[in-house]
>>> print(open('my_file-v8.txt').read())   # compact mmCIF, C-alpha atoms
# COMPACT_ATOMS: atom_id res chain seq x y z
CA MET A 121 -145.79 -19.01 -11.48
CA LEU A 122 -144.08 -17.09 -8.68
CA ARG A 123 -146.07 -16.42 -5.53
CA ALA A 124 -145.45 -14.04 -2.64
CA TYR A 125 -145.08 -15.44 0.87
CA GLY A 126 -144.86 -14.02 4.37
CA ASP A 127 -145.02 -10.23 4.32
CA GLY A 128 -145.10 -10.22 0.52
CA ASN A 129 -141.34 -9.69 0.10
CA LEU A 130 -140.44 -13.37 -0.21
CA PHE A 131 -141.16 -15.07 -3.51
CA GLY A 132 -141.17 -18.71 -4.48
CA GLU A 133 -142.37 -21.17 -7.09
CA PRO A 134 -145.08 -23.57 -5.84
CA CYS A 135 -145.32 -26.94 -7.54
CA GLY A 136 -147.88 -29.70 -7.08
CA GLU A 137 -151.32 -29.99 -5.55
CA GLY A 138 -152.34 -30.18 -1.91
CA PRO A 139 -150.59 -29.03 1.26
CA VAL A 140 -146.94 -28.03 0.90
CA ARG A 141 -144.67 -30.72 2.32
CA VAL A 142 -141.25 -29.68 0.99
CA ILE A 143 -139.45 -26.33 1.03
CA PHE A 144 -136.39 -25.83 -1.18
CA LEU A 145 -133.68 -23.34 -0.11
CA HIS A 146 -131.02 -22.57 -2.72
CA GLY A 147 -127.34 -21.73 -2.47
CA TRP A 148 -125.45 -18.45 -2.55
CA ALA A 149 -126.03 -16.42 -5.73
CA ARG A 150 -128.47 -19.07 -7.00
CA ARG A 151 -132.28 -19.11 -7.05
CA GLY A 152 -135.20 -21.44 -6.43
CA GLN A 153 -135.23 -22.43 -10.11
CA ASP A 154 -132.30 -24.76 -9.31
CA PHE A 155 -134.86 -27.17 -7.86
CA ALA A 156 -137.33 -27.11 -10.76
CA ALA A 157 -136.62 -30.68 -11.87
CA CYS A 158 -136.85 -31.98 -8.29
CA ALA A 159 -140.13 -30.15 -7.71
CA ARG A 160 -141.71 -31.50 -10.90
CA GLU A 161 -140.79 -35.09 -10.08
CA LEU A 162 -142.11 -34.76 -6.54
CA ALA A 163 -145.33 -33.24 -7.90
CA ASP A 164 -145.72 -36.28 -10.17
CA ARG A 165 -145.57 -38.36 -6.98
CA GLY A 166 -148.26 -36.25 -5.30
CA ILE A 167 -145.87 -34.20 -3.12
CA ALA A 168 -146.30 -30.41 -3.24
CA SER A 169 -143.35 -28.09 -2.69
CA VAL A 170 -142.22 -24.48 -2.80
CA ALA A 171 -138.82 -23.42 -4.12
CA LEU A 172 -138.07 -20.06 -2.52
CA ASP A 173 -135.91 -17.26 -3.88
CA LEU A 174 -133.97 -16.25 -0.78
CA PRO A 175 -133.95 -12.52 0.07
CA GLY A 176 -131.52 -10.71 -2.22
CA PHE A 177 -131.63 -13.38 -4.95
CA GLY A 178 -133.95 -14.12 -7.83
CA SER A 179 -137.26 -12.29 -7.39
CA SER A 180 -136.97 -11.63 -3.65
CA PRO A 181 -135.68 -8.17 -2.65
CA LEU A 182 -132.72 -7.64 -0.37
CA PRO A 183 -133.33 -8.17 3.34
CA THR A 184 -133.52 -5.10 5.53
CA VAL A 185 -130.79 -6.48 7.81
CA ALA A 186 -127.40 -7.68 6.53
CA GLY A 187 -126.67 -10.93 8.35
CA GLY A 188 -125.76 -14.55 7.73
CA ALA A 189 -127.81 -17.75 7.89
CA ARG A 190 -128.99 -16.98 11.42
CA SER A 191 -130.50 -13.70 10.26
CA TYR A 192 -132.04 -15.35 7.19
CA ALA A 193 -133.59 -18.08 9.35
CA GLN A 194 -135.28 -15.44 11.50
CA GLN A 195 -136.73 -13.83 8.38
CA LEU A 196 -137.93 -17.09 6.80
CA ALA A 197 -139.47 -18.81 9.82
CA PRO A 198 -142.58 -16.55 9.98
CA ALA A 199 -143.22 -17.11 6.26
CA LEU A 200 -143.00 -20.89 6.70
CA ARG A 201 -145.30 -20.73 9.71
CA ALA A 202 -147.84 -18.75 7.67
CA MET A 203 -148.01 -21.51 5.03
CA GLY A 204 -150.05 -23.49 7.54
CA SER A 205 -148.89 -27.00 6.59
CA ALA A 206 -145.82 -27.44 8.79
CA PRO A 207 -143.80 -29.43 9.58
CA PHE A 208 -141.87 -29.45 6.30
CA VAL A 209 -138.97 -31.30 4.80
CA LEU A 210 -136.40 -28.55 4.30
CA VAL A 211 -134.07 -29.24 1.37
CA GLY A 212 -131.08 -26.91 1.58
CA HIS A 213 -128.23 -26.51 -0.86
CA SER A 214 -125.05 -24.73 0.25
CA PHE A 215 -126.08 -21.43 1.93
CA GLY A 216 -129.66 -22.69 1.95
CA GLY A 217 -128.51 -25.73 3.91
CA THR A 218 -127.10 -23.60 6.68
CA ILE A 219 -130.35 -21.62 6.85
CA ALA A 220 -132.36 -24.86 7.00
CA THR A 221 -130.18 -26.11 9.86
CA VAL A 222 -130.68 -22.92 11.87
CA ILE A 223 -134.47 -23.09 11.35
CA ALA A 224 -134.48 -26.73 12.48
CA ALA A 225 -132.55 -25.80 15.63
CA ASN A 226 -134.56 -22.73 16.59
CA ASP A 227 -138.03 -23.60 15.26
CA PRO A 228 -138.26 -27.40 15.51
CA GLU A 229 -142.04 -27.40 15.09
CA LEU A 230 -141.54 -26.26 11.48
CA VAL A 231 -139.24 -29.09 10.42
CA ARG A 232 -140.06 -32.74 9.80
CA ALA A 233 -136.66 -33.57 8.31
CA LEU A 234 -133.60 -31.97 6.75
CA VAL A 235 -132.03 -32.89 3.41
CA LEU A 236 -128.70 -31.08 3.12
CA THR A 237 -126.28 -30.93 0.21
CA GLY A 238 -123.02 -29.00 -0.09
CA ALA A 239 -123.82 -27.00 3.05
CA PRO A 240 -120.86 -25.16 4.70
CA LEU A 241 -122.06 -26.03 8.21
CA LEU A 242 -118.61 -25.73 9.77
CA ARG A 243 -115.53 -23.75 8.89
CA SER A 244 -113.22 -25.88 6.79
CA SER A 245 -110.12 -24.23 8.25
CA PRO A 246 -109.20 -21.37 10.55
CA THR A 247 -109.93 -17.96 9.07
CA ARG A 248 -106.99 -16.99 6.88
CA THR A 249 -105.25 -13.71 7.73
CA PRO A 250 -105.49 -11.33 4.75
CA PRO A 251 -102.21 -10.45 3.01
CA LEU A 252 -100.20 -7.63 4.58
CA ARG A 253 -100.66 -5.37 1.55
CA TYR A 254 -104.45 -5.68 1.79
CA ARG A 255 -104.41 -5.04 5.54
CA MET A 256 -102.30 -1.92 5.04
CA THR A 257 -104.63 -0.68 2.29
CA ARG A 258 -107.63 -1.25 4.56
CA TYR A 259 -105.90 0.54 7.43
CA LEU A 260 -105.07 3.57 5.28
CA HIS A 261 -108.55 3.61 3.74
CA ALA A 262 -110.13 3.75 7.19
CA ARG A 263 -108.05 6.87 7.87
CA GLY A 264 -108.91 8.58 4.60
CA VAL A 265 -105.46 8.14 3.04
CA VAL A 266 -106.50 5.59 0.41
CA SER A 267 -109.46 6.32 -1.89
CA ASP A 268 -112.60 4.22 -2.16
CA GLN A 269 -111.58 3.24 -5.69
CA LYS A 270 -108.20 1.88 -4.55
CA MET A 271 -109.85 0.08 -1.65
CA GLU A 272 -112.31 -1.61 -4.00
CA ALA A 273 -109.45 -2.56 -6.33
CA ALA A 274 -107.75 -4.27 -3.39
CA ARG A 275 -110.96 -6.12 -2.53
CA GLN A 276 -111.26 -7.29 -6.12
CA ARG A 277 -107.66 -8.48 -6.13
CA TYR A 278 -107.65 -10.35 -2.83
CA GLY A 279 -111.30 -11.36 -2.31
CA SER A 280 -112.91 -14.69 -3.20
CA VAL A 281 -114.94 -15.15 -6.39
CA ASP A 282 -118.20 -14.72 -4.46
CA TYR A 283 -116.84 -11.67 -2.64
CA ARG A 284 -115.74 -9.99 -5.86
CA ALA A 285 -119.12 -10.66 -7.47
CA ALA A 286 -121.09 -9.26 -4.54
CA SER A 287 -121.53 -5.59 -3.70
CA GLY A 288 -123.32 -3.43 -1.17
CA PRO A 289 -125.56 -5.29 1.30
CA LEU A 290 -124.95 -8.65 -0.40
CA ARG A 291 -121.25 -8.33 0.31
CA GLU A 292 -122.02 -7.60 3.96
CA ILE A 293 -124.28 -10.66 4.05
CA LEU A 294 -121.57 -12.81 2.49
CA VAL A 295 -118.97 -11.66 5.02
CA ALA A 296 -121.36 -12.40 7.88
CA SER A 297 -122.13 -15.83 6.43
CA VAL A 298 -118.56 -17.02 5.97
CA ASN A 299 -117.76 -16.02 9.53
CA GLU A 300 -120.54 -18.17 10.97
CA SER A 301 -120.15 -21.79 12.06
CA TYR A 302 -123.06 -23.90 13.23
CA GLU A 303 -121.82 -26.27 15.93
CA ALA A 304 -124.44 -25.02 18.40
CA GLU A 305 -127.32 -25.38 15.94
CA LEU A 306 -126.29 -28.89 14.86
CA ALA A 307 -126.42 -30.03 18.47
CA LEU A 308 -129.97 -28.68 18.81
CA VAL A 309 -131.50 -30.22 15.67
CA GLN A 310 -134.35 -32.60 16.57
CA ALA A 311 -135.42 -33.72 13.08
CA PRO A 312 -133.72 -36.55 11.16
CA VAL A 313 -131.05 -35.41 8.72
CA ALA A 314 -130.07 -36.81 5.32
CA MET A 315 -126.79 -35.48 3.92
CA LEU A 316 -126.26 -35.90 0.19
CA TRP A 317 -122.92 -34.73 -1.20
CA GLY A 318 -121.40 -34.54 -4.65
CA GLU A 319 -118.29 -36.70 -4.74
CA LEU A 320 -116.49 -33.94 -6.68
CA ASP A 321 -117.63 -31.05 -4.47
CA ARG A 322 -114.54 -28.88 -4.00
CA ASP A 323 -116.39 -25.87 -2.60
CA VAL A 324 -117.66 -27.75 0.46
CA PRO A 325 -115.86 -31.11 0.76
CA ALA A 326 -117.52 -34.17 2.25
CA SER A 327 -115.26 -33.89 5.30
CA ILE A 328 -117.51 -31.01 6.40
CA ALA A 329 -120.52 -33.35 6.34
CA ALA A 330 -118.62 -35.95 8.36
CA ARG A 331 -117.69 -33.42 11.03
CA ALA A 332 -121.23 -32.04 11.11
CA GLY A 333 -122.71 -35.52 11.45
CA ALA A 334 -120.59 -36.14 14.53
CA LEU A 335 -122.28 -33.18 16.22
CA LEU A 336 -125.84 -34.33 15.56
CA HIS A 337 -127.85 -36.09 18.28
CA VAL A 338 -130.52 -37.40 15.90
CA ALA A 339 -130.74 -40.10 13.26
CA HIS A 340 -128.75 -39.05 10.21
CA SER A 341 -127.33 -40.49 7.03
CA PHE A 342 -124.69 -39.59 4.47
CA ARG A 343 -124.48 -40.51 0.80
CA SER A 344 -121.85 -39.49 -1.75
CA VAL A 345 -123.01 -39.10 -5.36
CA PRO A 346 -120.33 -40.16 -7.88
CA GLY A 347 -119.37 -37.78 -10.67
CA VAL A 348 -121.26 -34.81 -9.19
CA GLY A 349 -119.83 -31.51 -7.96
CA HIS A 350 -121.18 -28.73 -5.77
CA LEU A 351 -124.30 -28.02 -7.84
CA LEU A 352 -126.02 -31.29 -7.03
CA PRO A 353 -129.60 -29.89 -7.32
CA THR A 354 -129.08 -29.25 -11.02
CA GLU A 355 -126.57 -32.01 -11.75
CA ALA A 356 -128.40 -34.87 -10.02
CA PRO A 357 -131.97 -33.83 -9.15
CA GLY A 358 -133.15 -37.43 -9.04
CA GLU A 359 -130.83 -38.10 -6.12
CA LEU A 360 -132.45 -35.30 -4.14
CA VAL A 361 -135.90 -36.65 -4.96
CA THR A 362 -134.89 -40.08 -3.65
CA ALA A 363 -133.61 -38.52 -0.43
CA VAL A 364 -136.86 -36.59 0.07
CA ILE A 365 -138.97 -39.69 -0.52
CA GLU A 366 -136.87 -41.61 2.01
CA VAL A 367 -137.29 -39.03 4.81
CA LEU A 368 -141.02 -38.78 4.10
CA SER A 369 -141.59 -42.54 4.26
>>> encode(input="my_file-v8.txt", output="structure tokens")
Amino acid sequence: MLRAYGDGNLFGEPCGEGPVRVIFLHGWARRGQDFAACARELADRGIASVALDLPGFGSSPLPTVAGGARSYAQQLAPALRAMGSAPFVLVGHSFGGTIATVIAANDPELVRALVLTGAPLLRSSPTRTPPLRYRMTRYLHARGVVSDQKMEAARQRYGSVDYRAASGPLREILVASVNESYEAELALVQAPVAMLWGELDRDVPASIAARAGALLHVAHSFRSVPGVGHLLPTEAPGELVTAVIEVLS
């Protein structure tokens, strides 16, 4: 059953008895339900958890400020603090992994360990310059020459899958997120880090994890999971459970 956390605008699914020890943070356009199998197995082992719906996804309403992982971390930290059982193991998938990393850097007292999977912690390549036709359309739209409808058609033609699917504030949040890179936060993390990557992850390749690991000043590990893609929480939940048990032991 969903429960409200923080100021009542953040919802999550608690699982297990006793103090919460694990917080699950899902990826872009996903929801806390992705971790249901992980949470049930941990509960069977006596480990309570909460799988949050991040603001703007699932049951949690849009945030009041459109920002990337740094903004989300600022919004989530008070809710985690209010749970009263910190420090937690933060398990972050994709976008959730970047949020978890920022929380660990800025609010170390909240984090016992990080388990990260498919997290775009660093830019994979320099930002690509948009095609000339799109830039011209954007220029003319800003000056009132091109209509909103034609501008949106250009966005749909040239934007990424996530960008085309998002609209309004979520699109602003996505743009802010893809323009962030977390070198500074990785250097500040004080908790141990376990990185678990799908061998077939094409969205966020394992090379990102290798580069991120080189920036950490704490104990960290990396494991590749054969036959698994970007959606590791649903494709291989048992692997995440093993990683959580290891960082808790």
>>> residues_around(input="my_file-v8.txt", residues="Glu359 in chain A", least_positions_apart="5", cutoff="12 Å", atoms="only C-alpha atoms", output="list in words")
Phe155, Ala157, Cys158, Glu161, Leu162, Val235, Leu236, Thr237, Ala314, Met315, Leu316, Trp317, Gly318, Arg343, Ser344, Val345, Pro346, Val348, Leu352, Pro353, Thr354, Val364, Ile365 and Glu366 of chain A
>>> closest_residue(input="my_file-v8.txt", among="A:Ile143, A:Ala262, A:Leu351, A:Ile219", to="Pro207 in chain A", atoms="all atoms listed in the file")
A:Ile143
>>> atom_distance(input="my_file-v8.txt", atom1="CA of Arg141 in chain A", atom2="CA of Gly128 in chain A")
20.6 Å
>>> atom_distance(input="my_file-v8.txt", atom1="CA of Val367 in chain A", atom2="CA of Tyr125 in chain A")
25.2 Å
>>> closest_residue(input="my_file-v8.txt", among="A:His213, A:Ala189, A:Gln269, A:Val222", to="Asp323 in chain A", atoms="all atoms listed in the file")
A:His213
>>> residues_around(input="my_file-v8.txt", residues="Ala304 in chain A", least_positions_apart="4", cutoff="12 Å", atoms="all atoms listed in the file", output="PyMOL selection string")
chain A and resi 190+221-222+224-226+241-242+300+308-309+332+335-337
>>> residues_around(input="my_file-v8.txt", residues="Ala159 in chain A", least_positions_apart="2", cutoff="9 Å", atoms="only C-alpha atoms", output="mmCIF file with C-alpha atoms, in the frame of the given file")
data_model
loop_
_atom_site.group_PDB
_atom_site.id
_atom_site.type_symbol
_atom_site.label_atom_id
_atom_site.label_comp_id
_atom_site.auth_asym_id
_atom_site.auth_seq_id
_atom_site.Cartn_x
_atom_site.Cartn_y
_atom_site.Cartn_z
ATOM 1 C CA PRO A 134 -145.080 -23.570 -5.840
ATOM 2 C CA CYS A 135 -145.320 -26.940 -7.540
ATOM 3 C CA GLY A 136 -147.880 -29.700 -7.080
ATOM 4 C CA VAL A 142 -141.250 -29.680 0.990
ATOM 5 C CA PHE A 144 -136.390 -25.830 -1.180
ATOM 6 C CA PHE A 155 -134.860 -27.170 -7.860
ATOM 7 C CA ALA A 156 -137.330 -27.110 -10.760
ATOM 8 C CA ALA A 157 -136.620 -30.680 -11.870
ATOM 9 C CA GLU A 161 -140.790 -35.090 -10.080
ATOM 10 C CA LEU A 162 -142.110 -34.760 -6.540
ATOM 11 C CA ALA A 163 -145.330 -33.240 -7.900
ATOM 12 C CA ASP A 164 -145.720 -36.280 -10.170
ATOM 13 C CA ILE A 167 -145.870 -34.200 -3.120
ATOM 14 C CA ALA A 168 -146.300 -30.410 -3.240
ATOM 15 C CA SER A 169 -143.350 -28.090 -2.690
ATOM 16 C CA VAL A 170 -142.220 -24.480 -2.800
ATOM 17 C CA ALA A 171 -138.820 -23.420 -4.120
ATOM 18 C CA VAL A 361 -135.900 -36.650 -4.960
#
>>> residues_near_point(input="my_file-v8.txt", point="(-123.9, -25.4, -0.3)", cutoff="7 Å", atoms="all atoms listed in the file", output="number ranges by chain")
A: 147, 213-217, 237-240, 324, 350
>>> atom_distance(input="my_file-v8.txt", atom1="CA of Phe131 in chain A", atom2="CA of Asp173 in chain A")
5.7 Å
>>> closest_residue(input="my_file-v8.txt", among="A:Met203, A:Ala326, A:Leu145, A:Ala124", to="Leu234 in chain A", atoms="all atoms listed in the file")
A:Leu145
>>> build_atoms(input="my_file-v8.txt", residues="range 329-344 of chain A", atoms="N, CA and C atoms", output="PDB file, in the coordinates of the input")
ATOM      1  N   ALA A 329    -119.341 -32.564   5.975  1.00  0.00           N
ATOM      2  CA  ALA A 329    -120.520 -33.350   6.340  1.00  0.00           C
ATOM      3  C   ALA A 329    -120.191 -34.352   7.433  1.00  0.00           C
ATOM      4  N   ALA A 330    -119.016 -34.973   7.339  1.00  0.00           N
ATOM      5  CA  ALA A 330    -118.620 -35.950   8.360  1.00  0.00           C
ATOM      6  C   ALA A 330    -118.475 -35.290   9.725  1.00  0.00           C
ATOM      7  N   ARG A 331    -117.851 -34.136   9.757  1.00  0.00           N
ATOM      8  CA  ARG A 331    -117.690 -33.420  11.030  1.00  0.00           C
ATOM      9  C   ARG A 331    -119.028 -32.957  11.571  1.00  0.00           C
ATOM     10  N   ALA A 332    -119.907 -32.486  10.680  1.00  0.00           N
ATOM     11  CA  ALA A 332    -121.230 -32.040  11.110  1.00  0.00           C
ATOM     12  C   ALA A 332    -122.044 -33.200  11.655  1.00  0.00           C
ATOM     13  N   GLY A 333    -121.974 -34.350  10.991  1.00  0.00           N
ATOM     14  CA  GLY A 333    -122.710 -35.520  11.450  1.00  0.00           C
ATOM     15  C   GLY A 333    -122.328 -35.932  12.853  1.00  0.00           C
ATOM     16  N   ALA A 334    -121.062 -35.760  13.195  1.00  0.00           N
ATOM     17  CA  ALA A 334    -120.590 -36.140  14.530  1.00  0.00           C
ATOM     18  C   ALA A 334    -121.186 -35.259  15.625  1.00  0.00           C
ATOM     19  N   LEU A 335    -121.706 -34.100  15.249  1.00  0.00           N
ATOM     20  CA  LEU A 335    -122.280 -33.180  16.220  1.00  0.00           C
ATOM     21  C   LEU A 335    -123.792 -33.359  16.387  1.00  0.00           C
ATOM     22  N   LEU A 336    -124.401 -34.116  15.496  1.00  0.00           N
ATOM     23  CA  LEU A 336    -125.840 -34.330  15.560  1.00  0.00           C
ATOM     24  C   LEU A 336    -126.196 -35.357  16.626  1.00  0.00           C
ATOM     25  N   HIS A 337    -127.348 -35.145  17.280  1.00  0.00           N
ATOM     26  CA  HIS A 337    -127.850 -36.090  18.280  1.00  0.00           C
ATOM     27  C   HIS A 337    -129.112 -36.778  17.797  1.00  0.00           C
ATOM     28  N   VAL A 338    -129.322 -36.793  16.496  1.00  0.00           N
ATOM     29  CA  VAL A 338    -130.520 -37.400  15.900  1.00  0.00           C
ATOM     30  C   VAL A 338    -130.076 -38.380  14.817  1.00  0.00           C
ATOM     31  N   ALA A 339    -131.025 -39.173  14.353  1.00  0.00           N
ATOM     32  CA  ALA A 339    -130.740 -40.100  13.260  1.00  0.00           C
ATOM     33  C   ALA A 339    -130.304 -39.317  12.028  1.00  0.00           C
ATOM     34  N   HIS A 340    -129.230 -39.737  11.408  1.00  0.00           N
ATOM     35  CA  HIS A 340    -128.750 -39.050  10.210  1.00  0.00           C
ATOM     36  C   HIS A 340    -128.041 -40.031   9.289  1.00  0.00           C
ATOM     37  N   SER A 341    -127.981 -39.650   8.038  1.00  0.00           N
ATOM     38  CA  SER A 341    -127.330 -40.490   7.030  1.00  0.00           C
ATOM     39  C   SER A 341    -126.475 -39.628   6.121  1.00  0.00           C
ATOM     40  N   PHE A 342    -125.547 -40.277   5.428  1.00  0.00           N
ATOM     41  CA  PHE A 342    -124.690 -39.590   4.470  1.00  0.00           C
ATOM     42  C   PHE A 342    -124.572 -40.443   3.217  1.00  0.00           C
ATOM     43  N   ARG A 343    -124.696 -39.808   2.066  1.00  0.00           N
ATOM     44  CA  ARG A 343    -124.480 -40.510   0.800  1.00  0.00           C
ATOM     45  C   ARG A 343    -123.690 -39.633  -0.146  1.00  0.00           C
ATOM     46  N   SER A 344    -122.664 -40.191  -0.749  1.00  0.00           N
ATOM     47  CA  SER A 344    -121.850 -39.490  -1.750  1.00  0.00           C
ATOM     48  C   SER A 344    -122.347 -39.866  -3.138  1.00  0.00           C
TER      49      SER A 344
END
